[in-house]
Amino acid sequence: MFSELMRETFRNPRGAAAMLAGLNLPGRTAWMALAASLAISVLVTEPMFQLAPPDTFGEPIAPLMRFLVTIPFTGALVWAIWKIASIMGGTADLAQVIVVFSWLELLLSLGLLAMLVLLFVLPPLAGLLGLGAIMAWIWLQSVFFAQIFGFATPAKAFAVVVMAWVAVYVFGILILSIVAGGGQG
Amino acid sequence: MSIVLDILGTWRAPRQVQARRMAGPPREDRALAILLAACGLIYVAQWPRLAREAHLDPSIALDARMAGALFAWLMVMPLAFYALSLVLHLVLRAAGVATTAFRVRQAVFWALLASVPAWLLSGLIAGFDGDGAALTVVSTVAVAAVGLFTAAGLSVAGARAETV
(Lines give C-alpha, C1' and ligand atoms only; values in the text may rest on other atoms or scores of the structure.)
Protein backbone atom coordinates (compact mmCIF):
# COMPACT_ATOMS: atom_id res chain seq x y z
CA MET A 1 0.00 0.00 0.00
CA PHE A 2 2.73 2.46 1.06
CA SER A 3 4.98 1.86 -1.95
CA GLU A 4 2.00 1.89 -4.32
CA LEU A 5 0.79 5.17 -2.85
CA MET A 6 4.29 6.63 -3.10
CA ARG A 7 4.56 5.58 -6.76
CA GLU A 8 1.10 6.89 -7.62
CA THR A 9 1.76 10.21 -5.86
CA PHE A 10 4.32 11.17 -8.49
CA ARG A 11 3.00 9.23 -11.50
CA ASN A 12 -0.68 9.98 -11.07
CA PRO A 13 -1.24 12.40 -8.17
CA ARG A 14 -4.99 12.67 -8.73
CA GLY A 15 -5.26 8.86 -8.52
CA ALA A 16 -3.21 8.83 -5.32
CA ALA A 17 -5.43 11.53 -3.81
CA ALA A 18 -8.52 9.52 -4.72
CA MET A 19 -6.92 6.45 -3.15
CA LEU A 20 -6.30 8.33 0.12
CA ALA A 21 -9.77 9.88 0.17
CA GLY A 22 -11.26 6.45 -0.53
CA LEU A 23 -9.78 5.05 2.68
CA ASN A 24 -12.65 6.81 4.51
CA LEU A 25 -10.70 6.87 7.76
CA PRO A 26 -12.67 8.04 10.81
CA GLY A 27 -11.86 11.54 12.11
CA ARG A 28 -10.02 10.33 15.21
CA THR A 29 -7.72 8.09 13.17
CA ALA A 30 -7.06 10.93 10.72
CA TRP A 31 -6.04 13.28 13.56
CA MET A 32 -3.72 10.58 14.93
CA ALA A 33 -2.14 10.25 11.48
CA LEU A 34 -1.58 14.01 11.39
CA ALA A 35 0.01 13.97 14.86
CA ALA A 36 2.29 11.10 13.81
CA SER A 37 3.36 12.88 10.60
CA LEU A 38 4.08 16.07 12.56
CA ALA A 39 6.14 14.10 15.10
CA ILE A 40 8.22 12.70 12.21
CA SER A 41 8.54 16.21 10.77
CA VAL A 42 9.85 17.56 14.09
CA LEU A 43 12.33 14.68 14.39
CA VAL A 44 13.59 15.22 10.82
CA THR A 45 13.96 18.98 11.11
CA GLU A 46 15.54 18.94 14.61
CA PRO A 47 19.09 18.18 13.30
CA MET A 48 18.75 21.19 10.95
CA PHE A 49 18.01 23.44 13.91
CA GLN A 50 21.01 21.94 15.73
CA LEU A 51 23.32 22.36 12.72
CA ALA A 52 22.24 25.92 11.90
CA PRO A 53 24.40 28.80 13.18
CA PRO A 54 23.17 30.33 16.46
CA ASP A 55 20.26 32.79 16.13
CA THR A 56 19.38 31.61 12.60
CA PHE A 57 15.97 30.42 13.76
CA GLY A 58 15.65 32.65 16.83
CA GLU A 59 15.48 31.21 20.34
CA PRO A 60 16.06 27.42 20.38
CA ILE A 61 12.95 25.40 21.29
CA ALA A 62 12.97 21.85 22.67
CA PRO A 63 11.61 19.29 20.14
CA LEU A 64 8.69 18.33 22.39
CA MET A 65 7.70 21.99 22.81
CA ARG A 66 8.00 22.53 19.02
CA PHE A 67 5.74 19.52 18.47
CA LEU A 68 3.19 20.91 20.95
CA VAL A 69 3.25 24.32 19.23
CA THR A 70 3.04 22.78 15.74
CA ILE A 71 -0.02 20.64 16.55
CA PRO A 72 -2.56 23.49 17.08
CA PHE A 73 -1.07 25.58 14.26
CA THR A 74 -1.29 22.71 11.75
CA GLY A 75 -4.70 21.67 13.05
CA ALA A 76 -5.95 25.21 12.48
CA LEU A 77 -4.34 25.27 9.02
CA VAL A 78 -6.01 22.01 7.96
CA TRP A 79 -9.35 23.17 9.33
CA ALA A 80 -8.98 26.51 7.48
CA ILE A 81 -8.16 24.71 4.22
CA TRP A 82 -11.27 22.55 4.63
CA LYS A 83 -13.51 25.48 5.61
CA ILE A 84 -12.34 27.86 2.86
CA ALA A 85 -12.54 25.10 0.24
CA SER A 86 -16.07 24.21 1.42
CA ILE A 87 -17.13 27.86 1.06
CA MET A 88 -15.71 27.77 -2.49
CA GLY A 89 -17.73 24.67 -3.36
CA GLY A 90 -15.33 21.92 -2.23
CA THR A 91 -16.93 18.59 -1.37
CA ALA A 92 -14.37 16.72 0.78
CA ASP A 93 -14.96 16.08 4.47
CA LEU A 94 -12.52 17.18 7.16
CA ALA A 95 -11.11 13.67 7.76
CA GLN A 96 -10.16 13.35 4.07
CA VAL A 97 -8.37 16.70 4.18
CA ILE A 98 -6.46 15.65 7.31
CA VAL A 99 -5.41 12.34 5.74
CA VAL A 100 -4.19 14.03 2.56
CA PHE A 101 -2.33 16.71 4.52
CA SER A 102 -0.71 14.04 6.73
CA TRP A 103 0.52 12.11 3.70
CA LEU A 104 1.98 15.23 2.09
CA GLU A 105 3.60 16.26 5.40
CA LEU A 106 5.24 12.83 5.53
CA LEU A 107 6.52 13.25 1.96
CA LEU A 108 7.90 16.70 2.81
CA SER A 109 9.70 15.17 5.79
CA LEU A 110 11.26 12.55 3.52
CA GLY A 111 12.38 15.30 1.11
CA LEU A 112 13.92 17.26 3.98
CA LEU A 113 15.61 14.10 5.24
CA ALA A 114 17.20 13.68 1.81
CA MET A 115 18.28 17.31 2.03
CA LEU A 116 19.84 16.64 5.44
CA VAL A 117 21.85 13.72 4.02
CA LEU A 118 22.94 15.88 1.07
CA LEU A 119 24.05 18.56 3.52
CA PHE A 120 26.94 16.25 4.47
CA VAL A 121 27.63 14.80 1.02
CA LEU A 122 27.07 17.74 -1.39
CA PRO A 123 26.33 20.84 0.72
CA PRO A 124 25.85 23.28 -2.21
CA LEU A 125 23.04 21.14 -3.62
CA ALA A 126 21.25 20.68 -0.28
CA GLY A 127 19.56 24.09 -0.37
CA LEU A 128 18.33 23.55 -3.93
CA LEU A 129 16.99 20.10 -3.04
CA GLY A 130 15.15 21.61 -0.06
CA LEU A 131 13.65 24.27 -2.31
CA GLY A 132 12.71 21.59 -4.84
CA ALA A 133 11.03 19.58 -2.07
CA ILE A 134 9.00 22.63 -1.00
CA MET A 135 7.98 23.38 -4.61
CA ALA A 136 6.95 19.75 -5.18
CA TRP A 137 5.04 19.86 -1.88
CA ILE A 138 3.11 22.98 -2.94
CA TRP A 139 2.35 21.45 -6.34
CA LEU A 140 1.23 18.13 -4.85
CA GLN A 141 -0.96 19.93 -2.32
CA SER A 142 -2.68 21.80 -5.14
CA VAL A 143 -3.27 18.68 -7.23
CA PHE A 144 -4.33 16.48 -4.27
CA PHE A 145 -6.72 19.06 -2.82
CA ALA A 146 -8.15 19.82 -6.29
CA GLN A 147 -8.97 16.12 -6.58
CA ILE A 148 -10.58 15.59 -3.18
CA PHE A 149 -12.49 18.90 -3.22
CA GLY A 150 -13.68 18.28 -6.78
CA PHE A 151 -12.07 21.44 -8.20
CA ALA A 152 -11.48 21.48 -11.94
CA THR A 153 -8.13 23.27 -11.64
CA PRO A 154 -5.30 22.90 -9.11
CA ALA A 155 -4.97 26.70 -9.19
CA LYS A 156 -8.18 27.00 -7.17
CA ALA A 157 -6.82 24.58 -4.57
CA PHE A 158 -3.54 26.51 -4.56
CA ALA A 159 -5.46 29.73 -3.82
CA VAL A 160 -7.33 27.95 -1.00
CA VAL A 161 -4.05 26.80 0.59
CA VAL A 162 -2.53 30.32 0.35
CA MET A 163 -5.67 31.90 1.86
CA ALA A 164 -5.64 29.33 4.68
CA TRP A 165 -1.95 30.05 5.42
CA VAL A 166 -2.56 33.80 5.51
CA ALA A 167 -5.70 33.41 7.66
CA VAL A 168 -3.98 31.14 10.21
CA TYR A 169 -0.86 33.33 10.25
CA VAL A 170 -2.87 36.53 10.86
CA PHE A 171 -5.05 34.81 13.45
CA GLY A 172 -1.95 33.38 15.16
CA ILE A 173 -0.32 36.82 15.35
CA LEU A 174 -3.53 38.26 16.80
CA ILE A 175 -3.72 35.53 19.46
CA LEU A 176 -0.02 35.93 20.30
CA SER A 177 -0.34 39.72 20.58
CA ILE A 178 -3.37 39.32 22.87
CA VAL A 179 -1.54 36.74 25.01
CA ALA A 180 1.66 38.83 25.09
CA GLY A 181 -0.35 42.01 25.80
CA GLY A 182 -2.20 40.26 28.62
CA GLY A 183 1.09 38.95 30.00
CA GLN A 184 2.58 42.46 30.10
CA GLY A 185 -0.53 44.16 31.52
CA MET B 1 16.11 17.58 -20.32
CA SER B 2 13.55 18.57 -22.93
CA ILE B 3 12.47 21.43 -20.68
CA VAL B 4 16.02 22.85 -20.63
CA LEU B 5 16.29 22.47 -24.42
CA ASP B 6 12.87 24.08 -24.85
CA ILE B 7 13.95 27.02 -22.68
CA LEU B 8 17.02 27.54 -24.86
CA GLY B 9 14.93 26.97 -27.99
CA THR B 10 12.45 29.64 -26.92
CA TRP B 11 15.21 32.26 -27.13
CA ARG B 12 15.85 31.23 -30.77
CA ALA B 13 12.34 30.48 -32.02
CA PRO B 14 9.68 31.37 -29.41
CA ARG B 15 6.69 30.73 -31.68
CA GLN B 16 7.77 27.23 -32.66
CA VAL B 17 8.47 26.16 -29.08
CA GLN B 18 5.23 27.68 -27.78
CA ALA B 19 3.30 25.96 -30.59
CA ARG B 20 4.86 22.60 -29.77
CA ARG B 21 4.13 23.00 -26.05
CA MET B 22 0.53 24.00 -26.77
CA ALA B 23 -0.11 20.86 -28.78
CA GLY B 24 -2.27 18.39 -26.90
CA PRO B 25 -5.13 18.69 -24.46
CA PRO B 26 -5.12 21.27 -21.62
CA ARG B 27 -3.13 20.10 -18.59
CA GLU B 28 -3.76 22.45 -15.68
CA ASP B 29 -1.46 20.48 -13.36
CA ARG B 30 1.40 20.88 -15.85
CA ALA B 31 0.72 24.61 -16.18
CA LEU B 32 0.91 25.02 -12.41
CA ALA B 33 4.14 22.98 -12.29
CA ILE B 34 5.70 25.25 -14.95
CA LEU B 35 4.61 28.36 -13.06
CA LEU B 36 5.96 27.05 -9.73
CA ALA B 37 9.24 26.06 -11.39
CA ALA B 38 9.57 29.55 -12.89
CA CYS B 39 8.76 31.27 -9.60
CA GLY B 40 11.10 28.93 -7.70
CA LEU B 41 14.00 29.68 -10.04
CA ILE B 42 13.33 33.42 -9.95
CA TYR B 43 13.37 33.10 -6.15
CA VAL B 44 16.81 31.44 -6.43
CA ALA B 45 17.85 34.35 -8.66
CA GLN B 46 17.09 36.71 -5.75
CA TRP B 47 19.57 35.01 -3.38
CA PRO B 48 22.72 36.97 -4.37
CA ARG B 49 20.83 40.29 -4.15
CA LEU B 50 19.38 39.33 -0.75
CA ALA B 51 22.85 38.32 0.50
CA ARG B 52 24.26 41.66 -0.65
CA GLU B 53 21.45 43.61 1.00
CA ALA B 54 21.82 41.63 4.25
CA HIS B 55 25.57 42.35 4.21
CA LEU B 56 25.04 46.07 3.62
CA ASP B 57 22.14 46.36 6.08
CA PRO B 58 22.48 43.73 8.84
CA SER B 59 19.41 45.06 10.70
CA ILE B 60 17.36 42.52 8.71
CA ALA B 61 19.06 39.10 8.74
CA LEU B 62 19.54 37.08 5.55
CA ASP B 63 17.22 34.25 6.65
CA ALA B 64 14.40 36.74 7.31
CA ARG B 65 14.90 38.27 3.86
CA MET B 66 14.96 34.81 2.26
CA ALA B 67 11.82 33.73 4.13
CA GLY B 68 10.01 36.86 2.94
CA ALA B 69 11.13 36.31 -0.66
CA LEU B 70 10.15 32.63 -0.45
CA PHE B 71 6.62 33.53 0.60
CA ALA B 72 6.42 36.21 -2.07
CA TRP B 73 7.71 34.07 -4.93
CA LEU B 74 6.14 30.71 -4.07
CA MET B 75 2.81 31.83 -2.61
CA VAL B 76 1.91 35.34 -3.75
CA MET B 77 3.48 35.63 -7.22
CA PRO B 78 1.93 32.42 -8.62
CA LEU B 79 -1.51 33.81 -7.74
CA ALA B 80 -0.52 37.17 -9.20
CA PHE B 81 0.46 35.49 -12.49
CA TYR B 82 -2.85 33.63 -12.57
CA ALA B 83 -4.62 36.98 -12.06
CA LEU B 84 -2.46 38.63 -14.73
CA SER B 85 -3.27 35.82 -17.19
CA LEU B 86 -6.98 36.20 -16.48
CA VAL B 87 -6.84 39.95 -17.07
CA LEU B 88 -4.88 39.37 -20.28
CA HIS B 89 -7.46 36.82 -21.41
CA LEU B 90 -10.32 39.26 -20.76
CA VAL B 91 -8.50 42.05 -22.62
CA LEU B 92 -7.84 39.76 -25.59
CA ARG B 93 -11.45 38.61 -25.64
CA ALA B 94 -12.64 42.22 -25.52
CA ALA B 95 -10.30 42.93 -28.44
CA GLY B 96 -11.90 40.10 -30.41
CA VAL B 97 -8.98 37.65 -30.22
CA ALA B 98 -10.29 34.10 -30.08
CA THR B 99 -8.38 32.20 -27.41
CA THR B 100 -9.03 30.35 -24.15
CA ALA B 101 -8.04 31.27 -20.60
CA PHE B 102 -5.94 28.12 -20.38
CA ARG B 103 -3.93 28.91 -23.52
CA VAL B 104 -3.25 32.43 -22.23
CA ARG B 105 -2.05 30.96 -18.93
CA GLN B 106 0.11 28.49 -20.81
CA ALA B 107 1.68 31.28 -22.88
CA VAL B 108 2.40 33.50 -19.86
CA PHE B 109 3.72 30.71 -17.62
CA TRP B 110 6.03 29.30 -20.27
CA ALA B 111 7.27 32.80 -21.14
CA LEU B 112 8.17 33.28 -17.49
CA LEU B 113 10.03 29.95 -17.27
CA ALA B 114 11.82 30.52 -20.57
CA SER B 115 13.02 33.94 -19.40
CA VAL B 116 14.61 32.46 -16.24
CA PRO B 117 18.21 32.53 -17.60
CA ALA B 118 17.94 36.33 -17.85
CA TRP B 119 16.47 36.51 -14.32
CA LEU B 120 19.33 34.39 -12.98
CA LEU B 121 21.88 36.63 -14.70
CA SER B 122 20.21 39.78 -13.38
CA GLY B 123 20.22 38.25 -9.89
CA LEU B 124 23.96 37.55 -10.14
CA ILE B 125 24.66 41.10 -11.30
CA ALA B 126 22.46 42.51 -8.51
CA GLY B 127 24.44 40.44 -6.00
CA PHE B 128 27.97 41.11 -7.24
CA ASP B 129 27.67 44.59 -8.70
CA GLY B 130 24.53 46.13 -7.18
CA ASP B 131 22.52 48.81 -8.93
CA GLY B 132 24.06 50.06 -12.14
CA ALA B 133 23.85 50.12 -15.91
CA ALA B 134 24.54 46.37 -16.27
CA LEU B 135 21.68 45.48 -13.93
CA THR B 136 19.32 47.87 -15.71
CA VAL B 137 20.18 46.36 -19.10
CA VAL B 138 19.84 42.71 -18.01
CA SER B 139 16.66 43.37 -16.01
CA THR B 140 15.17 45.10 -19.05
CA VAL B 141 16.12 42.10 -21.18
CA ALA B 142 14.45 39.76 -18.67
CA VAL B 143 11.20 41.74 -18.62
CA ALA B 144 11.28 42.16 -22.40
CA ALA B 145 11.83 38.40 -22.81
CA VAL B 146 8.71 37.69 -20.74
CA GLY B 147 6.74 40.14 -22.89
CA LEU B 148 8.07 38.86 -26.23
CA PHE B 149 7.69 35.16 -25.35
CA THR B 150 4.16 35.81 -24.07
CA ALA B 151 3.29 37.65 -27.28
CA ALA B 152 4.67 34.73 -29.31
CA GLY B 153 2.61 32.29 -27.26
CA LEU B 154 -0.53 34.38 -27.57
CA SER B 155 -0.16 34.64 -31.33
CA VAL B 156 0.10 30.84 -31.47
CA ALA B 157 -2.87 30.42 -29.12
CA GLY B 158 -4.94 32.85 -31.19
CA ALA B 159 -4.02 31.07 -34.42
CA ARG B 160 -4.89 27.68 -32.91
CA ALA B 161 -8.28 28.92 -31.69
CA GLU B 162 -9.10 30.27 -35.16
CA THR B 163 -8.30 26.96 -36.85
CA VAL B 164 -10.45 24.95 -34.36
# chains A, B, ... in the order shown; residues from 1 in each chain; ligands from 1
call {"tool": "interface_residues", "arguments": {"of": "chain B", "to": "chain A", "cutoff": "7 Å", "atoms": "only C-alpha atoms", "output": "JSON list (two decimals) with all heavy atoms, in the first residue's frame"}}
result
[["chain", "number", "residue", "atom", "x", "y", "z"],
["B", 28, "GLU", "N", -3.88, 21.40, -16.70],
["B", 28, "GLU", "CA", -3.76, 22.45, -15.68],
["B", 28, "GLU", "C", -2.66, 22.13, -14.67],
["B", 28, "GLU", "O", -1.98, 23.04, -14.18],
["B", 28, "GLU", "CB", -5.09, 22.64, -14.95],
["B", 28, "GLU", "CG", -6.17, 23.33, -15.75],
["B", 28, "GLU", "CD", -5.99, 24.85, -15.82],
["B", 28, "GLU", "OE1", -4.99, 25.37, -15.30],
["B", 28, "GLU", "OE2", -6.86, 25.50, -16.43],
["B", 29, "ASP", "N", -2.50, 20.83, -14.34],
["B", 29, "ASP", "CA", -1.46, 20.48, -13.36],
["B", 29, "ASP", "C", -0.08, 20.80, -13.90],
["B", 29, "ASP", "O", 0.81, 21.26, -13.19],
["B", 29, "ASP", "CB", -1.57, 19.00, -12.97],
["B", 29, "ASP", "CG", -1.56, 18.06, -14.16],
["B", 29, "ASP", "OD1", -1.79, 18.53, -15.29],
["B", 29, "ASP", "OD2", -1.30, 16.86, -13.97],
["B", 32, "LEU", "N", 0.55, 24.59, -13.76],
["B", 32, "LEU", "CA", 0.91, 25.02, -12.41],
["B", 32, "LEU", "C", 2.35, 24.62, -12.09],
["B", 32, "LEU", "O", 3.10, 25.39, -11.47],
["B", 32, "LEU", "CB", -0.05, 24.42, -11.37],
["B", 32, "LEU", "CG", 0.25, 24.75, -9.91],
["B", 32, "LEU", "CD1", 0.16, 26.25, -9.64],
["B", 32, "LEU", "CD2", -0.71, 24.01, -8.98],
["B", 33, "ALA", "N", 2.76, 23.43, -12.54],
["B", 33, "ALA", "CA", 4.14, 22.98, -12.29],
["B", 33, "ALA", "C", 5.13, 23.91, -12.98],
["B", 33, "ALA", "O", 6.17, 24.27, -12.40],
["B", 33, "ALA", "CB", 4.32, 21.54, -12.79],
["B", 36, "LEU", "N", 5.22, 27.19, -11.00],
["B", 36, "LEU", "CA", 5.96, 27.05, -9.73],
["B", 36, "LEU", "C", 7.46, 26.92, -9.99],
["B", 36, "LEU", "O", 8.27, 27.48, -9.24],
["B", 36, "LEU", "CB", 5.45, 25.83, -8.96],
["B", 36, "LEU", "CG", 4.12, 26.02, -8.24],
["B", 36, "LEU", "CD1", 3.66, 24.72, -7.61],
["B", 36, "LEU", "CD2", 4.21, 27.09, -7.16],
["B", 63, "ASP", "N", 18.28, 35.27, 6.64],
["B", 63, "ASP", "CA", 17.22, 34.25, 6.65],
["B", 63, "ASP", "C", 15.82, 34.89, 6.66],
["B", 63, "ASP", "O", 14.89, 34.36, 6.05],
["B", 63, "ASP", "CB", 17.39, 33.28, 7.82],
["B", 63, "ASP", "CG", 17.46, 33.99, 9.14],
["B", 63, "ASP", "OD1", 18.45, 34.69, 9.37],
["B", 63, "ASP", "OD2", 16.51, 33.88, 9.93],
["B", 75, "MET", "N", 4.21, 31.79, -3.03],
["B", 75, "MET", "CA", 2.81, 31.83, -2.61],
["B", 75, "MET", "C", 2.05, 32.98, -3.31],
["B", 75, "MET", "O", 0.97, 32.77, -3.83],
["B", 75, "MET", "CB", 2.70, 32.01, -1.09],
["B", 75, "MET", "CG", 3.27, 30.85, -0.30],
["B", 75, "MET", "SD", 2.32, 29.35, -0.52],
["B", 75, "MET", "CE", 2.24, 28.72, 1.13],
["B", 79, "LEU", "N", -0.13, 33.32, -7.65],
["B", 79, "LEU", "CA", -1.51, 33.81, -7.74],
["B", 79, "LEU", "C", -1.57, 35.08, -8.57],
["B", 79, "LEU", "O", -2.51, 35.28, -9.35],
["B", 79, "LEU", "CB", -2.06, 34.07, -6.33],
["B", 79, "LEU", "CG", -2.36, 32.82, -5.49],
["B", 79, "LEU", "CD1", -2.84, 33.23, -4.11],
["B", 79, "LEU", "CD2", -3.40, 31.95, -6.17]]
call {"tool": "residues_around", "arguments": {"residues": "Ala39 (chain A)", "least_positions_apart": "4", "cutoff": "7 Å", "atoms": "only C-alpha atoms", "output": "list in words"}}
result
Ala35, Leu43 and Phe67 of chain A
call {"tool": "residues_around", "arguments": {"residues": "Phe2 (chain A)", "least_positions_apart": "2", "cutoff": "12 Å", "atoms": "only C-alpha atoms", "output": "list in words"}}
result
Glu4, Leu5, Met6, Arg7, Glu8, Thr9, Ala16, Met19, Leu20, Trp103, Leu106 and Leu107 of chain A
call {"tool": "residues_around", "arguments": {"residues": "Ile7 (chain B)", "least_positions_apart": "4", "cutoff": "8 Å", "atoms": "only C-alpha atoms", "output": "PyMOL selection string"}}
result
chain B and resi 3+11+113-115
call {"tool": "select_by_dssp", "arguments": {"residues": "region 4-185 of chain A", "states": "helix (DSSP H, G or I)", "output": "VMD selection string"}}
result
chain A and resid 4 to 11 13 to 21 27 to 51 63 to 87 94 to 121 123 to 149 154 to 184
call {"tool": "residues_around", "arguments": {"residues": "Leu88 (chain B)", "least_positions_apart": "5", "cutoff": "12 Å", "atoms": "only C-alpha atoms", "output": "VMD selection string"}}
result
chain B and resid 81 to 83 93 to 95 97 99 to 108 147 150 to 151 154
call {"tool": "residues_around", "arguments": {"residues": "Ala134 (chain B)", "least_positions_apart": "6", "cutoff": "10 Å", "atoms": "only C-alpha atoms", "output": "list in words"}}
result
Ser122, Ile125, Ala126 and Thr140 of chain B
call {"tool": "atom_distance", "arguments": {"atom1": "CA of Ala114 (chain A)", "atom2": "CA of Val100 (chain A)"}}
result
21.4 Å
call {"tool": "residues_around", "arguments": {"residues": "region 65-71 of chain B", "least_positions_apart": "6", "cutoff": "10 Å", "atoms": "only C-alpha atoms", "output": "count of residues only"}}
result
14
call {"tool": "atom_distance", "arguments": {"atom1": "CA of Leu90 (chain B)", "atom2": "CA of Ala157 (chain B)"}}
result
14.3 Å
